[in-house]
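*Asks:* The structure under discussion is supplied below as structure tokens; questions concerning it will follow.
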Amino acid sequence: MKVQELNSRSRNIFRKIVEAYIGLGAPVGSRTLSKIPGIDLSPASIRNTMSDLEEIGLLHSPHTSAGRIPTETGLRLFVDGLLEMGSLSKEEQIQIEAQCLEKDKVIADVLSEATSILSGLSHCAGVVMVPKFNSPLKHIEFIYLNPGRGLVVLVTKDGSVENRTIKLPPGLPPSALQRASNYLNSHLEGGTIEQIKARVEKDLEGQQAQLDELTKKVVKGGLATWSGKKGGGQALIVKGRSNLIDEESGLENLERIRQLFDDLEKKESLVRLLDHAKDAEGVKIYIGAENNLFSLSGSSVIVSPYMNETGDVLGAIGVIGPTRLNYARIIPMVDYTARIISKIL
């Protein structure tokens, strides 16, 4: 259904119900609505309209109350067609910038701080997907361990260091590892692992590299352990779970939060969700069952991709909370944080 399919009365009442529900976190009755400025209707007329909205699947009535709350379908209609976007206050912008723009921090720390401030300002759980080694590289080193095994060490410009073991071709002399290290370090030029991989593949395919076949295998094998699905991997940071408990009350809501906590522990599924959000342009919003991960807990996710200075999308950052999120406030908050992060990567 589209907003345009509702008449003006239904549209107005529906908007007021959703706004009241987001603010109160409780079912909204006709008497409450009749006292809201801008609705000049009797409670009886409002009840009739609410019944019509319930019939078409935009509202439902919990068994414990005579009031109505929006369904997930109704919330989606509201977000897509009726939401009046708010804006961040200057104080909120300063808070976000102060946390993100502190000097001498490695990327993981910047993202962790950004997630904390998002969690604090939104009163939800903050979440971010941290790419491994998407920072420009400073040095690569191959180290001989024993016949058939070597070590690849990567050092990034932000100070991060990580290493992995690789298989070495039979009969490879230790000197070939030094040649591989020298060759790759000459191709760094401030690039990320994926950018360097692309340069090296082009160089090797064009037969421009003055390397023997065994050394080429070492170079290709070393890069393969770090790039793409096999090597990169994604680290996940979740902050502010306690905010979710503070925002809810009642056994039914606390059970939903318990389910949400279980969902947040399924890190692989959450990484897939954020990885999918990376492909979106701007802020992506998932409401309840629109995402399988949160179908049982009935939660909403608002995320936005962030990128580096060359425009390459590196990850996604956002918040997770109940479906009655203050979308008008949190959407611009997530968008602003992602844009600030993108400025410094």
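As shown in the structure tokens, the chain order sets the letters A, B, ...; within each chain, residues go from 1, and ligands are also counted from 1 in the order they appear.
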So that I can see what lies close to Leu345 of chain A, please list as a ChimeraX atom specification the residues with an atom at most 9 Å from it, counting only C-alpha atoms and leaving out residues fewer than 5 positions away in the same chain.
*Replies:* /A:107,135,306-309
*Asks:* Could you save the residues just selected, with C-alpha atoms, as an mmCIF file, in the first residue's frame?
*Replies:*
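Generated output (part_16.cif):
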```
data_model
loop_
_atom_site.group_PDB
_atom_site.id
_atom_site.type_symbol
_atom_site.label_atom_id
_atom_site.label_comp_id
_atom_site.auth_asym_id
_atom_site.auth_seq_id
_atom_site.Cartn_x
_atom_site.Cartn_y
_atom_site.Cartn_z
ATOM 1 C CA ILE A 107 40.686 3.108 12.629
ATOM 2 C CA SER A 135 43.804 0.892 5.935
ATOM 3 C CA TYR A 306 31.001 4.545 5.313
ATOM 4 C CA MET A 307 33.868 4.850 2.852
ATOM 5 C CA ASN A 308 37.468 5.942 2.460
ATOM 6 C CA GLU A 309 38.814 9.021 0.670
#
```
*Asks:* Using only C-alpha atoms, which residues sit within 12 Å of Val301 of chain A once same-chain residues fewer than 5 positions away are excluded, as a JSON list (two decimals) with C-alpha atoms, in the first residue's frame?
*Replies:*
```
[["chain", "number", "residue", "atom", "x", "y", "z"],
["A", 124, "CYS", "CA", 19.87, 1.99, 21.48],
["A", 125, "ALA", "CA", 22.60, -0.53, 20.75],
["A", 126, "GLY", "CA", 25.26, 0.80, 18.39],
["A", 127, "VAL", "CA", 26.83, -1.56, 15.86],
["A", 128, "VAL", "CA", 29.63, -1.24, 13.33],
["A", 260, "LEU", "CA", 17.27, -9.53, 20.66],
["A", 264, "LEU", "CA", 23.11, -9.99, 18.61],
["A", 270, "LEU", "CA", 24.76, -9.65, 11.81],
["A", 273, "LEU", "CA", 23.23, -7.91, 7.38],
["A", 274, "LEU", "CA", 25.74, -5.07, 7.60],
["A", 277, "ALA", "CA", 23.79, -2.64, 3.85],
["A", 283, "VAL", "CA", 20.83, 5.06, 5.13],
["A", 284, "LYS", "CA", 19.19, 1.63, 5.03],
["A", 285, "ILE", "CA", 16.28, 0.81, 7.37],
["A", 286, "TYR", "CA", 15.13, -2.70, 8.31],
["A", 287, "ILE", "CA", 11.91, -3.00, 10.31],
["A", 288, "GLY", "CA", 11.14, -6.21, 12.20],
["A", 289, "ALA", "CA", 10.64, -9.25, 10.02],
["A", 290, "GLU", "CA", 12.03, -7.46, 6.96],
["A", 291, "ASN", "CA", 15.30, -8.99, 8.13],
["A", 292, "ASN", "CA", 15.31, -12.65, 9.16],
["A", 293, "LEU", "CA", 17.83, -12.07, 11.95],
["A", 294, "PHE", "CA", 15.43, -9.89, 13.94],
["A", 295, "SER", "CA", 12.11, -11.44, 12.92],
["A", 316, "ALA", "CA", 28.53, 0.02, 7.78],
["A", 317, "ILE", "CA", 27.58, 1.65, 11.08],
["A", 318, "GLY", "CA", 24.21, 2.10, 12.77],
["A", 319, "VAL", "CA", 21.86, 1.32, 15.63],
["A", 320, "ILE", "CA", 19.57, -1.52, 16.67],
["A", 321, "GLY", "CA", 16.53, -1.05, 18.86],
["A", 322, "PRO", "CA", 12.78, -1.62, 19.21],
["A", 323, "THR", "CA", 10.56, -0.95, 16.20],
["A", 324, "ARG", "CA", 9.27, 2.18, 17.95],
["A", 325, "LEU", "CA", 12.59, 3.91, 17.30],
["A", 326, "ASN", "CA", 12.55, 7.67, 16.90],
["A", 327, "TYR", "CA", 13.26, 7.33, 13.18],
["A", 330, "ILE", "CA", 18.07, 8.56, 14.51],
["A", 331, "ILE", "CA", 18.19, 8.39, 10.69],
["A", 334, "VAL", "CA", 23.40, 7.59, 11.67]]
```
*Asks:* Hey, what's within 12 Å of segment 45-47 of chain A if we count only C-alpha atoms and toss same-chain stuff fewer than 3 positions away? As a VMD selection string, please?
*Replies:* chain A and resid 9 to 14 16 to 17 28 to 36 39 to 42 50 to 54 59 61 66 to 68
*Asks:* Which of these residues is nearest to Pro62 of chain A, using only C-alpha atoms: A:Ala176, A:Ile302, A:Ala26, A:Met85?
*Replies:*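 Checking each of A:Ala176, A:Ile302, A:Ala26, A:Met85 against Pro62 of chain A, counting only C-alpha atoms, the winner is A:Ala26.
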*Asks:* If we count only C-alpha atoms and set the cut-off at 9 Å, which residues sit around Pro170 of chain A, ignoring sequence neighbours fewer than 3 positions away in its own chain? Please answer as a list in words.
*Replies:* Pro147, Gly148 and Leu214 of chain A
*Asks:* Tell me, which residues of segment 78-147 of chain A carry DSSP helix (DSSP H, G or I), written as a PDB file with N, CA and C atoms, in the first residue's frame?
*Replies:*
```pdb
ATOM      1  N   PHE A  78       4.841   4.424   7.187  1.00  0.00           N
ATOM      2  CA  PHE A  78       5.117   5.699   7.851  1.00  0.00           C
ATOM      3  C   PHE A  78       6.516   6.203   7.502  1.00  0.00           C
ATOM      4  N   VAL A  79       7.505   5.338   7.619  1.00  0.00           N
ATOM      5  CA  VAL A  79       8.896   5.727   7.359  1.00  0.00           C
ATOM      6  C   VAL A  79       9.086   6.151   5.903  1.00  0.00           C
ATOM      7  N   ASP A  80       8.467   5.415   4.989  1.00  0.00           N
ATOM      8  CA  ASP A  80       8.667   5.698   3.561  1.00  0.00           C
ATOM      9  C   ASP A  80       7.872   6.889   3.058  1.00  0.00           C
ATOM     10  N   GLY A  81       6.697   7.151   3.681  1.00  0.00           N
ATOM     11  CA  GLY A  81       5.839   8.170   3.082  1.00  0.00           C
ATOM     12  C   GLY A  81       5.373   9.304   3.967  1.00  0.00           C
ATOM     13  N   LYS A  90      23.297  21.238  17.141  1.00  0.00           N
ATOM     14  CA  LYS A  90      24.718  21.572  17.032  1.00  0.00           C
ATOM     15  C   LYS A  90      25.513  20.824  18.093  1.00  0.00           C
ATOM     16  N   GLU A  91      24.933  20.673  19.280  1.00  0.00           N
ATOM     17  CA  GLU A  91      25.614  19.966  20.371  1.00  0.00           C
ATOM     18  C   GLU A  91      25.850  18.502  20.003  1.00  0.00           C
ATOM     19  N   GLU A  92      24.847  17.869  19.379  1.00  0.00           N
ATOM     20  CA  GLU A  92      25.005  16.467  18.973  1.00  0.00           C
ATOM     21  C   GLU A  92      26.070  16.333  17.892  1.00  0.00           C
ATOM     22  N   GLN A  93      26.090  17.257  16.943  1.00  0.00           N
ATOM     23  CA  GLN A  93      27.112  17.219  15.907  1.00  0.00           C
ATOM     24  C   GLN A  93      28.504  17.341  16.512  1.00  0.00           C
ATOM     25  N   ILE A  94      28.645  18.243  17.474  1.00  0.00           N
ATOM     26  CA  ILE A  94      29.948  18.451  18.122  1.00  0.00           C
ATOM     27  C   ILE A  94      30.372  17.186  18.880  1.00  0.00           C
ATOM     28  N   GLN A  95      29.418  16.534  19.560  1.00  0.00           N
ATOM     29  CA  GLN A  95      29.728  15.308  20.283  1.00  0.00           C
ATOM     30  C   GLN A  95      30.247  14.225  19.354  1.00  0.00           C
ATOM     31  N   ILE A  96      29.557  14.044  18.230  1.00  0.00           N
ATOM     32  CA  ILE A  96      29.953  13.019  17.270  1.00  0.00           C
ATOM     33  C   ILE A  96      31.330  13.332  16.694  1.00  0.00           C
ATOM     34  N   GLU A  97      31.532  14.581  16.308  1.00  0.00           N
ATOM     35  CA  GLU A  97      32.812  14.973  15.721  1.00  0.00           C
ATOM     36  C   GLU A  97      33.955  14.822  16.721  1.00  0.00           C
ATOM     37  N   ALA A  98      33.703  15.201  17.968  1.00  0.00           N
ATOM     38  CA  ALA A  98      34.751  15.121  18.987  1.00  0.00           C
ATOM     39  C   ALA A  98      35.207  13.683  19.207  1.00  0.00           C
ATOM     40  N   GLN A  99      34.264  12.743  19.177  1.00  0.00           N
ATOM     41  CA  GLN A  99      34.609  11.341  19.377  1.00  0.00           C
ATOM     42  C   GLN A  99      35.348  10.762  18.173  1.00  0.00           C
ATOM     43  N   CYS A 100      34.921  11.160  16.975  1.00  0.00           N
ATOM     44  CA  CYS A 100      35.474  10.558  15.757  1.00  0.00           C
ATOM     45  C   CYS A 100      36.778  11.192  15.303  1.00  0.00           C
ATOM     46  N   ILE A 107      42.042   3.125  13.185  1.00  0.00           N
ATOM     47  CA  ILE A 107      40.686   3.108  12.629  1.00  0.00           C
ATOM     48  C   ILE A 107      39.717   2.340  13.527  1.00  0.00           C
ATOM     49  N   ALA A 108      40.154   1.188  14.033  1.00  0.00           N
ATOM     50  CA  ALA A 108      39.251   0.391  14.878  1.00  0.00           C
ATOM     51  C   ALA A 108      38.799   1.187  16.102  1.00  0.00           C
ATOM     52  N   ASP A 109      39.690   1.978  16.676  1.00  0.00           N
ATOM     53  CA  ASP A 109      39.331   2.784  17.844  1.00  0.00           C
ATOM     54  C   ASP A 109      38.356   3.898  17.474  1.00  0.00           C
ATOM     55  N   VAL A 110      38.565   4.513  16.312  1.00  0.00           N
ATOM     56  CA  VAL A 110      37.648   5.555  15.832  1.00  0.00           C
ATOM     57  C   VAL A 110      36.244   4.989  15.674  1.00  0.00           C
ATOM     58  N   LEU A 111      36.152   3.813  15.051  1.00  0.00           N
ATOM     59  CA  LEU A 111      34.851   3.191  14.818  1.00  0.00           C
ATOM     60  C   LEU A 111      34.201   2.763  16.133  1.00  0.00           C
ATOM     61  N   SER A 112      35.009   2.294  17.064  1.00  0.00           N
ATOM     62  CA  SER A 112      34.481   1.914  18.369  1.00  0.00           C
ATOM     63  C   SER A 112      33.907   3.122  19.104  1.00  0.00           C
ATOM     64  N   GLU A 113      34.641   4.241  19.075  1.00  0.00           N
ATOM     65  CA  GLU A 113      34.166   5.465  19.722  1.00  0.00           C
ATOM     66  C   GLU A 113      32.899   5.985  19.052  1.00  0.00           C
ATOM     67  N   ALA A 114      32.860   5.930  17.708  1.00  0.00           N
ATOM     68  CA  ALA A 114      31.681   6.385  16.971  1.00  0.00           C
ATOM     69  C   ALA A 114      30.460   5.555  17.328  1.00  0.00           C
ATOM     70  N   THR A 115      30.660   4.251  17.496  1.00  0.00           N
ATOM     71  CA  THR A 115      29.558   3.360  17.864  1.00  0.00           C
ATOM     72  C   THR A 115      29.062   3.669  19.268  1.00  0.00           C
ATOM     73  N   SER A 116      29.978   3.992  20.171  1.00  0.00           N
ATOM     74  CA  SER A 116      29.597   4.340  21.545  1.00  0.00           C
ATOM     75  C   SER A 116      28.766   5.615  21.578  1.00  0.00           C
ATOM     76  N   ILE A 117      29.187   6.632  20.847  1.00  0.00           N
ATOM     77  CA  ILE A 117      28.444   7.897  20.874  1.00  0.00           C
ATOM     78  C   ILE A 117      27.079   7.733  20.214  1.00  0.00           C
ATOM     79  N   LEU A 118      27.012   6.927  19.153  1.00  0.00           N
ATOM     80  CA  LEU A 118      25.711   6.645  18.518  1.00  0.00           C
ATOM     81  C   LEU A 118      24.781   5.946  19.494  1.00  0.00           C
ATOM     82  N   SER A 119      25.308   4.980  20.213  1.00  0.00           N
ATOM     83  CA  SER A 119      24.516   4.252  21.198  1.00  0.00           C
ATOM     84  C   SER A 119      24.005   5.194  22.278  1.00  0.00           C
ATOM     85  N   GLY A 120      24.892   6.065  22.760  1.00  0.00           N
ATOM     86  CA  GLY A 120      24.505   6.987  23.819  1.00  0.00           C
ATOM     87  C   GLY A 120      23.462   7.991  23.387  1.00  0.00           C
ATOM     88  N   LEU A 121      23.608   8.555  22.200  1.00  0.00           N
ATOM     89  CA  LEU A 121      22.668   9.572  21.724  1.00  0.00           C
ATOM     90  C   LEU A 121      21.319   8.977  21.328  1.00  0.00           C
ATOM     91  N   SER A 122      21.317   7.754  20.822  1.00  0.00           N
ATOM     92  CA  SER A 122      20.073   7.136  20.350  1.00  0.00           C
ATOM     93  C   SER A 122      19.370   6.328  21.430  1.00  0.00           C
TER      94      SER A 122
END
```
*Asks:* Rank nothing, just name the residue among A:Ile69, A:Val219, A:Val303, A:Leu145 nearest to Gly282 of chain A, using only C-alpha atoms.
*Replies:*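 Ranking A:Ile69, A:Val219, A:Val303, A:Leu145 by distance to Gly282 of chain A, first place goes to A:Val303.
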*Asks:* My list of candidates is A:Ala224, A:Ile193, A:Ala328, A:Val155. Which is closest to Lys167 of chain A when distances are computed with only C-alpha atoms?
*Replies:*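 For Lys167 of chain A, the nearest of the given residues is A:Ala224.
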*Asks:* With only C-alpha atoms as the basis for distance, which of A:Ser342, A:Ser87, A:Asn146, A:Ser304 is at the shortest distance from Pro173 of chain A?
*Replies:* A:Asn146
*Asks:* To one decimal place in Å, what is the distance between atom CA of Ser269 of chain A and atom CA of Thr71 of chain A?
*Replies:*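 Atom-to-atom, atom CA of Ser269 of chain A to atom CA of Thr71 of chain A, that is 24.5 Å.
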*Asks:* Could you check the closest approach to Ala20 of chain A for each of A:Asp312, A:Pro305, A:Leu236, A:Pro70 and tell me which residue wins, using only C-alpha atoms?
*Replies:*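 Closest to Ala20 of chain A of all the choices is A:Pro70.
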